[in-house]
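What follows is my_file.tsv (TSV, C-alpha atoms).
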chain	number	residue	atom	x	y	z
A	1	MET	CA	73.37	89.54	129.92
A	2	THR	CA	76.95	90.72	129.72
A	3	ASP	CA	78.70	94.06	129.83
A	4	LEU	CA	81.30	92.73	127.39
A	5	PRO	CA	81.22	93.58	123.70
A	6	ILE	CA	79.51	90.90	121.63
A	7	VAL	CA	81.71	88.76	119.35
A	8	GLU	CA	80.03	87.28	116.32
A	9	PHE	CA	81.79	84.78	114.07
A	10	ALA	CA	80.37	84.91	110.53
A	11	TYR	CA	76.59	85.29	110.24
A	12	PRO	CA	73.96	83.29	112.17
A	13	GLY	CA	73.60	79.80	110.74
A	14	PRO	CA	75.63	76.64	110.19
A	15	LEU	CA	78.97	78.42	109.60
A	16	ARG	CA	78.69	80.41	112.83
A	17	ASP	CA	77.72	77.28	114.72
A	18	ARG	CA	80.81	75.43	113.41
A	19	LEU	CA	83.10	78.36	114.22
A	20	VAL	CA	81.70	78.80	117.73
A	21	ALA	CA	82.09	75.06	118.39
A	22	ALA	CA	85.73	75.30	117.26
A	23	VAL	CA	86.30	78.27	119.61
A	24	LEU	CA	84.71	76.43	122.54
A	25	SER	CA	86.76	73.28	121.87
A	26	GLY	CA	89.99	75.29	121.72
A	27	GLU	CA	90.62	74.37	118.07
A	28	LYS	CA	90.01	77.93	116.85
A	29	THR	CA	92.39	80.50	118.36
A	30	SER	CA	92.53	83.03	115.53
A	31	THR	CA	90.26	84.76	113.09
A	32	ALA	CA	90.54	87.11	110.13
A	33	SER	CA	88.42	90.01	109.00
A	34	LEU	CA	88.65	92.71	106.38
A	35	LEU	CA	90.14	96.00	107.56
A	36	ILE	CA	87.50	97.79	105.47
A	37	GLN	CA	84.83	96.33	107.78
A	38	TYR	CA	86.11	98.45	110.69
A	39	THR	CA	84.54	101.74	109.62
A	40	GLU	CA	82.14	102.01	112.56
A	41	GLU	CA	83.85	99.91	115.22
A	42	GLU	CA	87.27	99.94	116.80
A	43	LEU	CA	89.92	97.41	115.90
A	44	PRO	CA	90.40	94.64	118.45
A	45	ARG	CA	93.01	95.36	121.13
A	46	VAL	CA	95.25	93.00	123.06
A	47	GLY	CA	93.73	92.27	126.47
A	48	GLU	CA	90.21	93.11	125.35
A	49	ARG	CA	87.55	90.54	126.16
A	50	GLY	CA	84.37	89.78	124.27
A	51	ALA	CA	81.29	87.60	124.71
A	52	VAL	CA	80.96	84.99	121.96
A	53	VAL	CA	77.38	84.41	120.81
A	54	ASP	CA	75.90	81.49	118.93
A	55	SER	CA	73.36	81.69	116.11
A	56	ALA	CA	70.55	82.26	118.60
A	57	GLY	CA	72.39	85.24	120.10
A	58	VAL	CA	73.10	83.37	123.33
A	59	VAL	CA	76.43	84.11	125.03
A	60	VAL	CA	78.34	80.82	125.07
A	61	GLY	CA	81.84	81.90	126.06
A	62	VAL	CA	84.31	84.71	126.57
A	63	ILE	CA	87.49	85.25	124.57
A	64	GLU	CA	90.43	87.54	125.23
A	65	THR	CA	92.47	89.03	122.40
A	66	THR	CA	96.15	88.09	122.62
A	67	GLY	CA	97.39	89.55	119.34
A	68	VAL	CA	96.33	91.76	116.45
A	69	ASP	CA	98.13	92.23	113.13
A	70	ILE	CA	97.07	94.04	109.98
A	71	VAL	CA	98.65	92.51	106.90
A	72	ALA	CA	98.15	92.25	103.17
A	73	LEU	CA	96.14	89.17	102.21
A	74	LYS	CA	99.20	87.76	100.42
A	75	ASP	CA	101.14	87.85	103.72
A	76	VAL	CA	98.86	85.67	105.86
A	77	SER	CA	100.99	82.94	107.43
A	78	LEU	CA	100.46	79.21	107.49
A	79	GLN	CA	100.38	79.33	111.29
A	80	HIS	CA	97.48	81.78	111.22
A	81	ALA	CA	95.59	79.59	108.74
A	82	LEU	CA	96.10	76.52	110.93
A	83	ASP	CA	95.15	78.39	114.12
A	84	GLU	CA	91.77	79.29	112.63
A	85	GLY	CA	90.84	75.71	113.51
A	86	GLU	CA	88.71	75.13	110.45
A	87	GLY	CA	90.73	72.31	108.94
A	88	TYR	CA	92.76	74.36	106.49
A	89	ILE	CA	95.78	72.47	105.17
A	90	ASP	CA	97.67	75.42	103.72
A	91	VAL	CA	97.34	79.14	103.11
A	92	ALA	CA	95.81	78.64	99.64
A	93	HIS	CA	93.05	76.50	101.18
A	94	TRP	CA	92.51	79.15	103.90
A	95	ARG	CA	92.39	81.93	101.33
A	96	ALA	CA	89.91	80.10	99.10
A	97	GLY	CA	87.55	79.60	102.04
A	98	HIS	CA	87.82	83.20	103.12
A	99	GLU	CA	87.38	84.54	99.60
A	100	ARG	CA	84.13	82.55	99.30
A	101	PHE	CA	82.94	84.22	102.51
A	102	TRP	CA	84.21	87.72	101.68
A	103	HIS	CA	82.67	87.55	98.19
A	104	SER	CA	79.32	86.35	99.57
A	105	PRO	CA	76.17	88.40	99.06
A	106	GLU	CA	76.02	89.04	102.84
A	107	VAL	CA	79.50	90.58	103.04
A	108	ARG	CA	79.02	92.54	99.83
A	109	ALA	CA	75.72	93.89	101.19
A	110	GLU	CA	77.36	94.80	104.51
A	111	LEU	CA	80.06	96.71	102.60
A	112	GLY	CA	77.52	98.31	100.28
A	113	ASP	CA	79.43	97.08	97.22
A	114	PRO	CA	77.80	94.30	95.16
A	115	ASP	CA	81.03	93.80	93.20
A	116	PHE	CA	83.49	93.79	96.12
A	117	THR	CA	86.47	91.48	95.64
A	118	VAL	CA	89.72	90.94	97.48
A	119	ASP	CA	93.20	90.77	95.96
A	120	ASP	CA	96.75	90.15	97.20
A	121	ASP	CA	96.98	93.66	98.66
A	122	THR	CA	93.65	93.69	100.50
A	123	ARG	CA	94.34	94.52	104.15
A	124	VAL	CA	93.12	91.96	106.66
A	125	VAL	CA	92.96	92.05	110.44
A	126	LEU	CA	94.39	88.90	112.01
A	127	GLU	CA	93.26	88.43	115.60
A	128	ARG	CA	94.56	85.79	118.00
A	129	PHE	CA	92.62	84.97	121.14
A	130	ILE	CA	92.21	82.57	124.02
A	131	LEU	CA	89.02	81.18	125.51
A	132	VAL	CA	88.66	82.53	129.04
A	133	PRO	CA	87.76	79.78	131.53

Please, can you express the file's structure as structure tokens?
Amino acid sequence: MTDLPIVEFAYPGPLRDRLVAAVLSGEKTSTASLLIQYTEEELPRVGERGAVVDSAGVVVGVIETTGVDIVALKDVSLQHALDEGEGYIDVAHWRAGHERFWHSPEVRAELGDPDFTVDDDTRVVLERFILVP
């Protein structure tokens, strides 16, 4: 058990397992989320640590936030896309992958909006982190 806040990448299942593996290998050092998802929790803060859990809910590592930016979706940089460690080759590729996720039934259910869609001006939270040894 940990006293640290729990960090969950995506939802339990194959995507989470791939993302967690990328975090643990050091390939994934950034992530993006929708600002609208932060209605009941605080935004990440630089220096804050969190316990990364796998699909089984087991703590597999600790990350520390090193940067947080809130930008319009159209302003996400190539460096951020590459640092997500998911094999994106450009920002358009990154955006397409994230739009698939953000338009998924799970995200729409979480937001309580079955028709939710993002556009160029949608605000996203870009978090950079390091894996704590």

Have a look at A:Glu64, A:Glu27, A:Glu40, A:Glu86 and name the one nearest to A:Leu4; count all atoms listed in the file.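 Nearest to A:Leu4: A:Glu64.
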
In Å to one decimal, how far is atom CA of A:Leu43 from atom CA of A:Val23?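 Here the two named atoms are 19.8 Å from each other.
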
When you look at A:Ile36 with a cut-off of 12 Å (counting all atoms listed in the file), what residues show up, excluding the ones that are within fewer than 4 positions of it in the same chain? I need them as a short mmCIF file (atom, residue, chain, number, x, y, z; two decimals) with C-alpha atoms, in the frame of the given file.
data_model
loop_
_atom_site.label_atom_id
_atom_site.label_comp_id
_atom_site.auth_asym_id
_atom_site.auth_seq_id
_atom_site.Cartn_x
_atom_site.Cartn_y
_atom_site.Cartn_z
CA GLU A 40 82.14 102.01 112.56
CA GLU A 41 83.85 99.91 115.22
CA GLU A 42 87.27 99.94 116.80
CA LEU A 43 89.92 97.41 115.90
CA ILE A 70 97.07 94.04 109.98
CA TRP A 102 84.21 87.72 101.68
CA VAL A 107 79.50 90.58 103.04
CA ARG A 108 79.02 92.54 99.83
CA GLU A 110 77.36 94.80 104.51
CA LEU A 111 80.06 96.71 102.60
CA GLY A 112 77.52 98.31 100.28
CA ASP A 113 79.43 97.08 97.22
CA PHE A 116 83.49 93.79 96.12
CA THR A 117 86.47 91.48 95.64
CA VAL A 118 89.72 90.94 97.48
CA THR A 122 93.65 93.69 100.50
CA ARG A 123 94.34 94.52 104.15
CA VAL A 124 93.12 91.96 106.66
CA VAL A 125 92.96 92.05 110.44
#

What's the separation between atom CA of A:Trp94 and atom CA of A:Asp69, in Å to one decimal place?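 Those two atoms sit 17.0 Å apart.
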
Counting all atoms listed in the file, the residue of A:Ala51, A:Leu126, A:Ala21, A:Leu131 that sits nearest A:Asp75: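 Selected residue with least distance to A:Asp75: A:Leu126.
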
Residue nearest A:Leu78 - candidates A:Arg95, A:Phe9, A:Phe101, A:Thr66, atoms counted: all atoms listed in the file: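 Smallest distance to A:Leu78 is found for A:Arg95.
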
Between atom CA of A:Val76 and atom CA of A:Leu24, measure the distance and give it in Å to one decimal. 23.7 Å

Among A:Val91, A:Val62, A:Leu15, A:Ala10, A:Gln79 is approached most closely, using only C-alpha atoms, by A:Val91

One residue among A:Ala109, A:Pro44, A:Ile89, A:Val20 is nearest to A:Val60 when using only C-alpha atoms, and that residue is A:Val20
